[in-house]
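J.: Before I ask anything, let me first share the structure, which is written out below as structure tokens.
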Amino acid sequence: MKSKINRRCDFSQVEETYTSYPCTPVLEAEDENVIRINAPEEVLFTVLDDRPLDERMAYFVVCGAMMMRAEILHELGILYVLDALVLVAFDVRSHQSYTGRIARLGMREPIPEDLKTNSPPMVGYLFGESFNTNLVRSFELPAVETDYDVHVVLGPFKSNVLRVRLRRKK
């Protein structure tokens with residue numbers, strides 16, 4: 001499973017929605033039960049006050065794509081995948097972990113009517129989703145220079161881990 005990511009793409013063009021962008025990881029046809037993320041190598045921030053970072057100070061975007069089998073989601077008791085994804089940002093300097101859900105923005109495509117019930121699962125059906133979120137909307141990250149290891153979790157499934165440098169804009 002070698003999904004493609006381009007960490008040098010223009011993340012400033014990504015909107016916080018559930019649609020695919022050029023920065024969104026590209027999954028291969030054979031990818032199943034996979035979550036992949038992409039994020040810039042470095043995020044710049046400005047300091048406006050002593051509070052945690054917000055959207056005015058930093059655009060710390062993470063783009064993701066996932067492909068999960070319906071029967072796996074059924075076993076996990078997950079009906080709405082995007083509501084079940086957990087974001088994790090680990091500050092490698094302070095060893096502080098931040099976890100939370102994707103901020104609810106934009107419109108999602110509705111789940112097909114025949115899949116709205118949790119029983120029985122549709123064997124062989126794949127759920128593919130894309131998501132884009134700004135971590136400063138999900139977490140109260142301090143306005144300090146540090147490095148974060150970022151990933152996404154869905155039940156026992158974990159995405160790739162990316163290191164992102166958070167640096168003060170000069």
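Residues are referred to by chain and number: the chain letter is A, B, ... according to the order shown in the structure tokens, the number counts from 1 in that chain, and ligands are numbered separately from 1 in the order shown.
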Please identify every residue of segment 35-73 of chain A that has at least one atom no farther than 8 Å from an atom of segment 132-138 of chain A, counting only C-alpha atoms, and for each give the shortest atom pair and the distance in Å to one decimal, arranged by chain then increasing number, as a Markdown table.
T.:
```
| residue | atom | partner | partner_atom | distance |
| --- | --- | --- | --- | --- |
| A:Leu53 | CA | A:Val136 | CA | 6.0 |
| A:Asp54 | CA | A:Val136 | CA | 5.3 |
| A:Glu55 | CA | A:Val136 | CA | 6.5 |
| A:Ala58 | CA | A:Val136 | CA | 7.2 |
| A:Tyr59 | CA | A:Asn134 | CA | 6.1 |
| A:Phe60 | CA | A:Asn134 | CA | 5.0 |
| A:Val61 | CA | A:Asn134 | CA | 4.2 |
| A:Val62 | CA | A:Thr133 | CA | 5.5 |
| A:Cys63 | CA | A:Asn132 | CA | 4.4 |
| A:Gly64 | CA | A:Asn132 | CA | 6.2 |
```
J.: Would you write out those residues with C-alpha atoms, as a PDB file, in the first residue's frame?
T.:
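Wrote selection.pdb, looks like this:
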```pdb
ATOM      1  CA  LEU A  53      -3.330  29.393  18.473  1.00  0.00           C
ATOM      2  CA  ASP A  54      -6.446  30.039  16.419  1.00  0.00           C
ATOM      3  CA  GLU A  55      -7.280  30.391  12.703  1.00  0.00           C
ATOM      4  CA  ALA A  58      -1.962  29.621  11.924  1.00  0.00           C
ATOM      5  CA  TYR A  59      -3.319  27.404   9.182  1.00  0.00           C
ATOM      6  CA  PHE A  60      -2.232  23.943  10.389  1.00  0.00           C
ATOM      7  CA  VAL A  61      -4.156  21.901   7.860  1.00  0.00           C
ATOM      8  CA  VAL A  62      -4.220  18.111   7.643  1.00  0.00           C
ATOM      9  CA  CYS A  63      -5.691  16.460   4.547  1.00  0.00           C
ATOM     10  CA  GLY A  64      -6.794  12.859   4.768  1.00  0.00           C
TER      11      GLY A  64
END
```
J.: Residues within 10 Å of segment 86-92 of chain A, please, as a PyMOL selection string. Count only C-alpha atoms; anything in the same chain fewer than 3 positions from it doesn't count.
T.: chain A and resi 62+82-83+95-102+133+135+138-139+141+146-155+158-159+161-166
J.: Could you dump the residues just selected with C-alpha atoms as a short mmCIF file (atom, residue, chain, number, x, y, z; two decimals), in the first residue's frame?
T.:
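Generated output (out_7.cif):
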```
data_model
loop_
_atom_site.label_atom_id
_atom_site.label_comp_id
_atom_site.auth_asym_id
_atom_site.auth_seq_id
_atom_site.Cartn_x
_atom_site.Cartn_y
_atom_site.Cartn_z
CA VAL A 62 -4.22 18.11 7.64
CA LEU A 82 -16.00 10.99 9.81
CA ASP A 83 -17.52 11.40 13.26
CA HIS A 95 5.57 15.25 25.19
CA GLN A 96 2.04 16.68 25.40
CA SER A 97 -0.60 14.81 23.38
CA TYR A 98 -3.65 16.47 21.89
CA THR A 99 -6.59 14.39 20.70
CA GLY A 100 -9.92 15.36 19.27
CA ARG A 101 -12.45 15.07 16.48
CA ILE A 102 -12.42 16.72 13.10
CA THR A 133 -9.14 20.10 8.99
CA LEU A 135 -5.67 21.45 13.84
CA SER A 138 -9.61 21.02 16.99
CA PHE A 139 -6.96 21.63 19.67
CA LEU A 141 -2.18 24.36 20.68
CA THR A 146 7.88 22.93 18.37
CA ASP A 147 7.48 19.82 16.23
CA TYR A 148 4.32 17.72 16.16
CA ASP A 149 3.89 14.10 15.12
CA VAL A 150 0.38 13.99 13.65
CA HIS A 151 -1.82 11.02 12.80
CA VAL A 152 -5.46 9.90 12.66
CA VAL A 153 -7.04 6.87 14.36
CA LEU A 154 -10.25 4.98 13.59
CA GLY A 155 -10.78 2.18 16.10
CA LYS A 158 -3.92 4.21 12.48
CA SER A 159 -2.83 6.46 9.63
CA VAL A 161 2.50 9.61 11.06
CA LEU A 162 3.85 12.94 9.78
CA ARG A 163 6.17 15.34 11.56
CA VAL A 164 5.20 19.01 11.18
CA ARG A 165 7.42 21.88 12.32
CA LEU A 166 5.49 24.75 13.92
#
```
J.: Need to verify the contact set: Asp10 of chain A, 9 Å, only C-alpha atoms, exclusion of same-chain residues closer than 4 positions in sequence. Can you return it as a ChimeraX atom specification?
T.: /A:14,22-23,40
J.: For the selection you just gave me, I'd like the residues written to a file as a PDB file, in the first residue's frame, keeping N, CA, C and O atoms.
T.:
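Output file again.pdb is given in full below:
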```pdb
ATOM      1  N   VAL A  14      -6.391  24.701   0.423  1.00  0.00           N
ATOM      2  CA  VAL A  14      -7.286  23.673   0.947  1.00  0.00           C
ATOM      3  C   VAL A  14      -8.322  24.307   1.876  1.00  0.00           C
ATOM      4  O   VAL A  14      -7.967  25.041   2.796  1.00  0.00           O
ATOM      5  N   PRO A  22      -5.722  18.680  -4.292  1.00  0.00           N
ATOM      6  CA  PRO A  22      -4.430  18.154  -4.737  1.00  0.00           C
ATOM      7  C   PRO A  22      -3.530  17.704  -3.582  1.00  0.00           C
ATOM      8  O   PRO A  22      -2.651  16.877  -3.777  1.00  0.00           O
ATOM      9  N   CYS A  23      -3.756  18.220  -2.377  1.00  0.00           N
ATOM     10  CA  CYS A  23      -2.968  17.811  -1.207  1.00  0.00           C
ATOM     11  C   CYS A  23      -3.501  16.537  -0.548  1.00  0.00           C
ATOM     12  O   CYS A  23      -2.856  15.980   0.336  1.00  0.00           O
ATOM     13  N   PRO A  40       1.636  19.861   5.686  1.00  0.00           N
ATOM     14  CA  PRO A  40       2.859  20.552   5.296  1.00  0.00           C
ATOM     15  C   PRO A  40       4.014  20.162   6.215  1.00  0.00           C
ATOM     16  O   PRO A  40       3.807  19.760   7.365  1.00  0.00           O
TER      17      PRO A  40
END
```
J.: Go through A:Gly128, A:Leu73, A:Phe11, A:Asn6 one by one, measure the shortest atom-to-atom distance of each to Glu28 of chain A using only C-alpha atoms, and give the residue with the smallest value.
T.: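 Looking at the shortest contact to Glu28 of chain A, the residue is A:Gly128.
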J.: Assign secondary structure with DSSP using the backbone only, and return the residues of segment 39-78 of chain A in alpha helix (DSSP H) as a PyMOL selection string.
T.: chain A and resi 70-76
J.: Just give me the gap between atom CA of Val47 of chain A and atom CA of Glu140 of chain A in Å, one decimal is fine.
T.: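 Atom CA of Val47 of chain A sits 13.9 Å away from atom CA of Glu140 of chain A.
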J.: Which of these residues is nearest to Lys169 of chain A, using only C-alpha atoms: A:Pro156, A:Met57, A:Val34, A:Val123?
T.: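 The answer is A:Met57, which sits nearest to Lys169 of chain A.
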J.: Between atom CA of Glu145 of chain A and atom CA of Arg36 of chain A, what is the distance, to one decimal in Å?
T.: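 Atom CA of Glu145 of chain A sits 25.5 Å away from atom CA of Arg36 of chain A.
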J.: So that I can see what lies close to Arg56 of chain A, please list as a PyMOL selection string the residues with an atom at most 9 Å from it, counting only C-alpha atoms and leaving out residues fewer than 5 positions away in the same chain.
T.: chain A and resi 45-46+48
J.: What is the atom CA of Arg69 of chain A-atom CA of Gly124 of chain A distance in Å, reported with one decimal?
T.: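 Computing it gives 6.4 Å between the two atoms.
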